[in-house]
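> My structure is stored as run.cif, with mmCIF, C-alpha atoms and all ligand atoms.
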data_structure
loop_
_atom_site.label_atom_id
_atom_site.label_comp_id
_atom_site.auth_asym_id
_atom_site.auth_seq_id
_atom_site.Cartn_x
_atom_site.Cartn_y
_atom_site.Cartn_z
CA MET A 203 30.52 36.31 -8.31
CA THR A 204 29.88 35.02 -4.79
CA ALA A 205 31.06 31.61 -3.68
CA THR A 206 28.40 29.02 -2.88
CA PRO A 207 28.61 28.16 0.80
CA GLY A 208 29.31 24.52 1.63
CA GLY A 209 28.64 22.63 4.86
CA ALA A 210 25.45 22.91 6.86
CA LEU A 211 24.59 26.38 5.50
CA GLY A 212 25.01 25.16 1.92
CA ASP A 213 22.84 22.15 2.70
CA LEU A 214 20.12 24.41 4.08
CA LEU A 215 20.25 26.69 1.02
CA ASN A 216 20.15 23.90 -1.55
CA GLY A 217 17.52 21.89 0.27
CA THR A 218 19.59 18.86 1.24
CA ALA A 219 19.40 19.47 4.99
CA TYR A 220 17.61 16.91 7.12
CA GLY A 221 16.98 16.30 10.78
CA LYS A 222 17.58 13.02 12.57
CA GLU A 223 14.96 12.20 15.20
CA PRO A 224 15.62 9.19 17.38
CA LEU A 225 12.38 7.26 17.94
CA THR A 226 12.68 4.10 20.03
CA GLU A 227 15.88 2.06 20.52
CA GLY A 228 17.19 1.17 17.03
CA ALA A 229 14.69 3.39 15.18
CA ALA A 230 15.19 6.88 13.77
CA LEU A 231 13.35 9.24 11.45
CA LEU A 232 15.47 11.16 8.94
CA ARG A 233 13.11 13.97 7.97
CA GLY A 234 13.78 15.20 4.45
CA PHE A 235 16.72 12.83 3.93
CA ALA A 236 15.55 11.97 0.38
CA ARG A 237 13.80 15.25 -0.44
CA ALA A 238 16.21 16.29 -3.20
CA GLU A 239 15.99 12.80 -4.76
CA VAL A 240 12.21 12.40 -4.91
CA PRO A 241 11.89 13.15 -8.67
CA ARG A 242 14.75 10.73 -9.47
CA LEU A 243 13.21 8.01 -7.28
CA LEU A 244 9.81 8.42 -8.96
CA ALA A 245 11.43 8.19 -12.42
CA ALA A 246 13.20 4.97 -11.42
CA LEU A 247 9.96 3.64 -9.94
CA ARG A 248 8.35 3.94 -13.37
CA ASP A 249 10.74 1.28 -14.71
CA VAL A 250 9.66 -1.00 -11.86
CA THR A 251 5.91 -0.53 -12.29
CA ASP A 252 6.11 -0.84 -16.10
CA ALA A 253 7.48 -4.38 -15.56
CA ALA A 254 5.54 -5.26 -12.38
CA PRO A 255 2.36 -3.16 -12.13
CA PHE A 256 0.72 -2.28 -8.81
CA ARG A 257 -1.94 -4.78 -7.78
CA HIS A 258 -4.27 -5.24 -4.82
CA MET A 259 -3.28 -8.52 -3.23
CA VAL A 260 -5.73 -10.85 -1.55
CA THR A 261 -4.69 -12.01 1.91
CA ARG A 262 -4.83 -15.53 3.27
CA GLY A 263 -8.09 -14.55 4.94
CA GLY A 264 -9.62 -13.60 1.57
CA TYR A 265 -9.49 -9.86 2.18
CA THR A 266 -8.42 -7.55 -0.69
CA MET A 267 -5.84 -5.04 0.55
CA SER A 268 -6.72 -1.33 0.12
CA VAL A 269 -3.02 -0.62 -0.53
CA ALA A 270 -1.77 -1.57 -4.01
CA MET A 271 1.66 -3.21 -4.02
CA THR A 272 4.55 -4.30 -6.15
CA SER A 273 8.22 -5.21 -5.53
CA CYS A 274 11.66 -5.03 -7.03
CA GLY A 275 14.89 -6.84 -6.19
CA THR A 276 15.77 -10.53 -6.28
CA VAL A 277 12.66 -11.41 -4.26
CA GLY A 278 9.28 -9.75 -3.79
CA TRP A 279 6.62 -10.07 -1.11
CA VAL A 280 3.47 -11.91 -2.09
CA THR A 281 0.31 -12.89 -0.30
CA ASP A 282 -2.40 -15.23 -1.51
CA ARG A 283 -4.79 -17.81 -0.16
CA THR A 284 -1.81 -19.97 0.89
CA GLY A 285 -0.25 -17.21 3.04
CA TYR A 286 2.58 -14.67 2.97
CA ARG A 287 6.09 -15.23 1.59
CA TYR A 288 9.00 -13.78 -0.36
CA ASP A 289 9.17 -15.21 -3.89
CA ARG A 290 11.58 -14.79 -6.82
CA VAL A 291 8.66 -14.74 -9.24
CA ASP A 292 5.93 -12.13 -9.61
CA PRO A 293 2.71 -14.18 -9.67
CA ALA A 294 1.02 -11.54 -11.86
CA THR A 295 3.51 -11.93 -14.74
CA GLY A 296 5.24 -15.27 -14.04
CA LEU A 297 8.56 -13.39 -14.45
CA SER A 298 11.31 -12.42 -12.02
CA TRP A 299 10.69 -9.16 -10.18
CA PRO A 300 12.39 -6.16 -11.86
CA PRO A 301 15.87 -5.30 -10.55
CA MET A 302 16.19 -2.83 -7.71
CA PRO A 303 17.13 0.54 -9.28
CA GLU A 304 20.60 1.71 -8.26
CA PRO A 305 19.34 5.01 -6.73
CA PHE A 306 16.99 2.96 -4.49
CA ARG A 307 19.76 0.66 -3.29
CA ALA A 308 22.21 3.51 -2.69
CA LEU A 309 19.69 5.60 -0.73
CA ALA A 310 18.72 2.68 1.52
CA ALA A 311 22.35 1.83 2.28
CA ARG A 312 23.16 5.48 3.03
CA ALA A 313 20.19 5.88 5.38
CA ALA A 314 20.95 2.63 7.22
CA ALA A 315 24.61 3.60 7.68
CA GLU A 316 23.50 7.00 9.02
CA CYS A 317 21.58 5.14 11.75
CA GLY A 318 24.33 2.72 12.76
CA PHE A 319 23.70 -0.15 10.32
CA PRO A 320 26.69 -0.13 7.92
CA GLY A 321 26.80 -2.60 5.03
CA PHE A 322 23.02 -2.85 4.57
CA GLU A 323 22.41 -4.74 1.31
CA PRO A 324 18.66 -5.03 0.71
CA ASP A 325 17.50 -7.84 -1.60
CA ALA A 326 13.85 -6.74 -1.68
CA CYS A 327 12.07 -3.41 -1.98
CA LEU A 328 8.31 -3.49 -1.43
CA VAL A 329 6.42 -0.61 -2.97
CA ASN A 330 3.07 0.40 -1.48
CA GLU A 331 0.67 2.75 -3.24
CA TYR A 332 -1.96 4.51 -1.11
CA ARG A 333 -4.93 6.33 -2.63
CA PRO A 334 -7.31 8.30 -0.36
CA GLY A 335 -8.92 5.91 2.15
CA ALA A 336 -6.24 3.22 1.78
CA ARG A 337 -4.73 2.03 5.05
CA LEU A 338 -2.50 -0.62 6.54
CA SER A 339 -3.66 -2.19 9.79
CA LEU A 340 -1.23 -2.87 12.64
CA HIS A 341 1.19 -5.70 11.78
CA GLN A 342 4.75 -6.91 12.29
CA ASP A 343 7.21 -7.48 9.45
CA ALA A 344 8.37 -10.96 10.38
CA ASP A 345 8.70 -12.83 7.06
CA GLU A 346 12.44 -12.03 6.76
CA LEU A 347 15.21 -14.41 7.84
CA ASP A 348 17.53 -12.15 9.79
CA PHE A 349 16.01 -9.66 12.25
CA THR A 350 19.42 -8.13 12.97
CA GLN A 351 19.04 -6.43 9.55
CA PRO A 352 17.03 -3.18 9.68
CA ILE A 353 14.16 -2.10 7.44
CA VAL A 354 14.49 1.27 5.70
CA SER A 355 11.34 3.10 4.59
CA VAL A 356 11.03 6.04 2.19
CA SER A 357 7.86 8.13 1.87
CA LEU A 358 6.94 9.80 -1.45
CA GLY A 359 3.97 12.00 -2.36
CA LEU A 360 1.01 12.73 -0.09
CA PRO A 361 1.62 12.78 3.68
CA ALA A 362 0.30 10.00 5.92
CA VAL A 363 -0.12 9.31 9.61
CA PHE A 364 2.10 6.39 10.54
CA LEU A 365 1.27 4.32 13.63
CA PHE A 366 4.26 3.09 15.57
CA GLY A 367 3.42 0.62 18.30
CA GLY A 368 5.37 -1.66 20.56
CA ALA A 369 6.20 -5.33 20.80
CA HIS A 370 2.56 -6.26 21.42
CA ARG A 371 -0.44 -5.58 19.22
CA GLY A 372 -2.25 -4.02 22.18
CA ASP A 373 0.48 -1.41 22.91
CA ARG A 374 -0.92 2.06 22.20
CA PRO A 375 0.83 3.29 19.03
CA ALA A 376 2.52 6.68 18.65
CA ARG A 377 1.31 8.72 15.65
CA LEU A 378 3.89 10.16 13.30
CA ARG A 379 3.27 12.30 10.22
CA LEU A 380 5.42 11.12 7.30
CA GLU A 381 6.00 13.45 4.36
CA SER A 382 7.52 13.16 0.92
CA GLY A 383 11.28 12.64 1.23
CA ASP A 384 11.18 11.37 4.82
CA VAL A 385 13.22 8.24 5.47
CA ALA A 386 12.99 6.00 8.53
CA VAL A 387 15.21 3.19 9.74
CA TRP A 388 13.83 0.41 11.94
CA GLY A 389 16.43 -1.84 13.48
CA GLY A 390 17.58 -3.37 16.73
CA PRO A 391 14.84 -3.81 19.33
CA SER A 392 12.39 -1.82 17.13
CA ARG A 393 12.67 -4.25 14.23
CA LEU A 394 9.64 -6.30 15.28
CA ALA A 395 7.46 -3.42 16.51
CA PHE A 396 3.81 -3.38 15.44
CA HIS A 397 3.11 -0.61 12.94
CA GLY A 398 0.50 0.58 10.46
CA VAL A 399 -0.80 3.53 8.45
CA GLU A 400 -4.05 5.45 9.01
CA PRO A 401 -6.44 5.88 6.07
CA LEU A 402 -4.89 8.31 3.59
CA SER A 403 -6.51 11.76 3.43
CA GLU A 404 -7.49 13.38 0.15
CA GLY A 405 -4.92 15.69 -1.38
CA ILE A 406 -2.81 16.47 -4.41
CA ASP A 407 0.96 16.17 -4.40
CA PRO A 408 2.72 18.06 -7.22
CA LEU A 409 4.74 14.98 -8.21
CA THR A 410 2.51 11.95 -7.47
CA GLY A 411 -0.97 13.49 -7.73
CA SER A 412 -3.51 11.89 -5.40
CA CYS A 413 -1.31 9.17 -3.96
CA ARG A 414 1.34 8.27 -1.46
CA ILE A 415 4.08 5.80 -2.32
CA ASN A 416 6.14 4.03 0.31
CA LEU A 417 9.30 2.08 -0.42
CA THR A 418 10.46 -0.44 2.20
CA PHE A 419 13.89 -1.98 1.82
CA ARG A 420 14.50 -5.35 3.39
CA ARG A 421 17.04 -8.10 3.66
CA ALA A 422 14.62 -10.98 3.17
CA ARG A 423 16.96 -13.95 2.66
C1 LIG B 501 8.55 -0.39 11.98
N1 LIG B 501 4.68 -0.07 5.19
O1 LIG B 501 5.26 -2.34 3.84
S1 LIG B 501 6.75 2.01 6.37
C2 LIG B 501 5.10 -2.44 5.07
O2 LIG B 501 4.04 3.34 5.02
C3 LIG B 501 4.74 -1.23 5.85
O3 LIG B 501 3.66 1.74 3.63
C4 LIG B 501 4.23 1.14 5.81
O4 LIG B 501 4.51 -1.34 7.01
C5 LIG B 501 3.97 2.15 4.75
O5 LIG B 501 5.24 -3.49 5.69
C6 LIG B 501 5.13 1.61 6.88
C7 LIG B 501 7.52 2.09 7.94
C8 LIG B 501 7.89 0.79 8.59
C9 LIG B 501 8.20 -0.33 7.85
C10 LIG B 501 8.61 -1.47 8.48
C11 LIG B 501 8.74 -1.50 9.88
C12 LIG B 501 8.00 0.76 9.94
C13 LIG B 501 8.43 -0.37 10.60
C14 LIG B 501 9.21 -2.65 10.55
C15 LIG B 501 9.36 -2.63 11.92
C16 LIG B 501 9.02 -1.50 12.64
FE FE B 502 5.21 -3.26 7.70
#
Now, as a test, write the supplied structure out as C-alpha cells.

Amino acid sequence: MTATPGGALGDLLNGTAYGKEPLTEGAALLRGFARAEVPRLLAALRDVTDAAPFRHMVTRGGYTMSVAMTSCGTVGWVTDRTGYRYDRVDPATGLSWPPMPEPFRALAARAAAECGFPGFEPDACLVNEYRPGARLSLHQDADELDFTQPIVSVSLGLPAVFLFGGAHRGDRPARLRLESGDVAVWGGPSRLAFHGVEPLSEGIDPLTGSCRINLTFRRAR
C-alpha cells in the first residue's frame, strides 16, 4: 500500500487546492476554496429554503428583481415599497429567518481569516438564485452597520460574470468569471465598491441544474 501524500501535493490530488488572487486593496478571490464542500453546502441550503423559500422581491421603485432571494441568520435582507433593511422577520412567512447552517458559518469565517479578517462572525447570509437572464445591476452594499467587517461571497452552480467597480458608480468595472466553489472576500477599502452580475447564461450544472446560487455573508448589526 502506498501512503497518501499530504501537504500541497495531497491537496492537489484530493481536489482541495485553491489559488488566492489579490484583487483590489482588501479584496481577494479564493478560487476553488469551497469546491470540495459544494454538495454539503447545497444540502444545508435545502434546510434554509424549505423554511424560507426563494422569492422575487419588489424594490422601493416598484421593480421586481430578476434574482430570487432568501436569507438565513438572525437577520435577513428585505426590500419593499418602504425601502431596504435588515429584519429579524421574514415578511413572506412572518417567522424568524432560519438559522445559519454551521457549515456556512465555518466556511465564511475560514475564508475571512485567510484574507486577514480574523474573528469574522456573520449574523446574516443572503442567498441569491440566478436563472438564465437574471442579473444584478451595479450597487453598493451599504445597509450594514460596521464597514470594517468584510463581506464573504460563495458561488455555487453555473458560472457568472461578476462586475467589480470602484468607489463611484461611473468607474469602469473589471469583469471576473466566478465558478462553483469560488469564494471572495471584500473588506477594507474595497468594502463599499460598486459591483454587480451580468445576465446569467444558459447552462446546466451537475449539482444545481440551470441555476447559480450565491451566498453572501455579512455582519449586519
Ligand atoms: C464587492 N451579490 O448579494 S457577490 C449581493 O453574485 C451581491 O449574487 C452578488 O452583490 C452575487 O449584494 C455578488 C460578490 C460581492 C458581494 C458583496 C460585495 C462583491 C462585493 C461588497 C462590496 C464589494
Ligand atoms: Fe452586493
> Anything within 7 Å of (8.6, -4.2, -6.4): list those residues as number ranges by chain, counting only C-alpha atoms and sticking to the file's coordinates.
A: 250, 254, 272-275, 278, 299-300, 327-329
> Taking all atoms listed in the file into account, which of A:Leu340, A:Cys413, A:Leu380, A:Cys317 comes nearest ligand FE 502 (chain B)?
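Closest candidate: A:Leu340.
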> Within 7 Å of (18.1, -6.6, 6.0) in the file's own coordinates, which protein, DNA or RNA residues have an atom, counting all atoms listed in the file? List them as a PyMOL selection string.
chain A and resi 322-324+348+351-353+420-422
> Using only C-alpha atoms, tabulate the residues of stretch 305-354 of chain A lying at most 10 Å from any atom of stretch 383-400 of chain A, each with its closest atom pair and that distance in Å to one decimal, by chain and increasing residue number, as JSON lines.

{"residue": "A:Leu309", "atom": "CA", "partner": "A:Val385", "partner_atom": "CA", "distance": 9.3}
{"residue": "A:Ala310", "atom": "CA", "partner": "A:Val385", "partner_atom": "CA", "distance": 8.8}
{"residue": "A:Ala313", "atom": "CA", "partner": "A:Val387", "partner_atom": "CA", "distance": 7.1}
{"residue": "A:Ala314", "atom": "CA", "partner": "A:Val387", "partner_atom": "CA", "distance": 6.3}
{"residue": "A:Ala315", "atom": "CA", "partner": "A:Val387", "partner_atom": "CA", "distance": 9.6}
{"residue": "A:Glu316", "atom": "CA", "partner": "A:Val387", "partner_atom": "CA", "distance": 9.2}
{"residue": "A:Cys317", "atom": "CA", "partner": "A:Val387", "partner_atom": "CA", "distance": 7.0}
{"residue": "A:Gly318", "atom": "CA", "partner": "A:Gly389", "partner_atom": "CA", "distance": 9.1}
{"residue": "A:Phe319", "atom": "CA", "partner": "A:Gly389", "partner_atom": "CA", "distance": 8.1}
{"residue": "A:Tyr332", "atom": "CA", "partner": "A:Val399", "partner_atom": "CA", "distance": 9.7}
{"residue": "A:Gly335", "atom": "CA", "partner": "A:Glu400", "partner_atom": "CA", "distance": 8.4}
{"residue": "A:Ala336", "atom": "CA", "partner": "A:Glu400", "partner_atom": "CA", "distance": 7.9}
{"residue": "A:Arg337", "atom": "CA", "partner": "A:Glu400", "partner_atom": "CA", "distance": 5.3}
{"residue": "A:Leu338", "atom": "CA", "partner": "A:Val399", "partner_atom": "CA", "distance": 4.9}
{"residue": "A:Ser339", "atom": "CA", "partner": "A:Gly398", "partner_atom": "CA", "distance": 5.0}
{"residue": "A:Leu340", "atom": "CA", "partner": "A:Gly398", "partner_atom": "CA", "distance": 4.4}
{"residue": "A:His341", "atom": "CA", "partner": "A:Phe396", "partner_atom": "CA", "distance": 5.1}
{"residue": "A:Gln342", "atom": "CA", "partner": "A:Phe396", "partner_atom": "CA", "distance": 4.8}
{"residue": "A:Asp343", "atom": "CA", "partner": "A:Leu394", "partner_atom": "CA", "distance": 6.4}
{"residue": "A:Ala344", "atom": "CA", "partner": "A:Leu394", "partner_atom": "CA", "distance": 6.9}
{"residue": "A:Phe349", "atom": "CA", "partner": "A:Arg393", "partner_atom": "CA", "distance": 6.7}
{"residue": "A:Thr350", "atom": "CA", "partner": "A:Gly390", "partner_atom": "CA", "distance": 6.3}
{"residue": "A:Gln351", "atom": "CA", "partner": "A:Gly389", "partner_atom": "CA", "distance": 6.6}
{"residue": "A:Pro352", "atom": "CA", "partner": "A:Gly389", "partner_atom": "CA", "distance": 4.1}
{"residue": "A:Ile353", "atom": "CA", "partner": "A:Trp388", "partner_atom": "CA", "distance": 5.2}
{"residue": "A:Val354", "atom": "CA", "partner": "A:Val387", "partner_atom": "CA", "distance": 4.5}
> Pull C-alpha atoms from the residues just selected and write them as a short mmCIF file (atom, residue, chain, number, x, y, z; two decimals), keeping the file's coordinate frame.

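What follows is the written file out24.cif:
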data_model
loop_
_atom_site.label_atom_id
_atom_site.label_comp_id
_atom_site.auth_asym_id
_atom_site.auth_seq_id
_atom_site.Cartn_x
_atom_site.Cartn_y
_atom_site.Cartn_z
CA LEU A 309 19.69 5.60 -0.73
CA ALA A 310 18.72 2.68 1.52
CA ALA A 313 20.19 5.88 5.38
CA ALA A 314 20.95 2.63 7.22
CA ALA A 315 24.61 3.60 7.68
CA GLU A 316 23.50 7.00 9.02
CA CYS A 317 21.58 5.14 11.75
CA GLY A 318 24.33 2.72 12.76
CA PHE A 319 23.70 -0.15 10.32
CA TYR A 332 -1.96 4.51 -1.11
CA GLY A 335 -8.92 5.91 2.15
CA ALA A 336 -6.24 3.22 1.78
CA ARG A 337 -4.73 2.03 5.05
CA LEU A 338 -2.50 -0.62 6.54
CA SER A 339 -3.66 -2.19 9.79
CA LEU A 340 -1.23 -2.87 12.64
CA HIS A 341 1.19 -5.70 11.78
CA GLN A 342 4.75 -6.91 12.29
CA ASP A 343 7.21 -7.48 9.45
CA ALA A 344 8.37 -10.96 10.38
CA PHE A 349 16.01 -9.66 12.25
CA THR A 350 19.42 -8.13 12.97
CA GLN A 351 19.04 -6.43 9.55
CA PRO A 352 17.03 -3.18 9.68
CA ILE A 353 14.16 -2.10 7.44
CA VAL A 354 14.49 1.27 5.70
#
> I'd like to know which of A:Gly228, A:Gly285, A:Gly221, A:Pro301 is closest to ligand LIG 501 (chain B), using all atoms listed in the file.
A:Gly228
> In Å, with one decimal, what is the gap from atom CA of A:Asp292 to atom CA of A:Arg423?
16.6 Å
> Taking only C-alpha atoms into account, name the residue in A:Ala246, A:Phe419, A:Glu223, A:Ser382 that is nearest to A:Pro305.
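Going through A:Ala246, A:Phe419, A:Glu223, A:Ser382 one by one, the smallest distance to A:Pro305 is for A:Ala246.
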> Considering all atoms listed in the file, can you say which of A:Ala270, A:Val277, A:Ala230, A:Ala253 comes closest to A:Thr295?
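Closest candidate: A:Ala253.
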> With 8 Å of padding per side, what axis-aligned box (centre and edge lengths, Å, one decimal) covers all the listed atoms of stretch 261-265 of chain A? Give it as lines of an AutoDock Vina configuration file.

center_x = -7.2
center_y = -12.7
center_z = 3.3
size_x = 20.9
size_y = 21.7
size_z = 19.4
> In Å to one decimal, how far is atom CA of A:Ala238 from atom CA of A:Tyr220?
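These two atoms are separated by 10.4 Å.
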> Could you check the closest approach to ligand FE 502 (chain B) for each of A:His370, A:Ser403, A:Leu409, A:Trp279 and tell me which residue wins, using only C-alpha atoms and all ligand atoms?
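Ranked by minimum distance to ligand FE 502 (chain B), first place goes to A:Trp279.
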> Determine the nearest neighbour of A:Thr261 from the options A:Arg283, A:Lys222, A:Arg312, A:Arg379, counting only C-alpha atoms.
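Checking each candidate against A:Thr261, we get A:Arg283 as the closest.
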> Need to verify the contact set: A:Leu247, 9 Å, only C-alpha atoms, exclusion of same-chain residues closer than 5 positions in sequence. Can you return it as an MDAnalysis selection string?
chainID A and resid 242 252 303 306 329
> Please indicate the distance in Å from atom CA of A:Tyr288 to atom CA of A:Ala229, rounded to one decimal place.
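Result for atom CA of A:Tyr288 versus atom CA of A:Ala229: 23.8 Å, one decimal.
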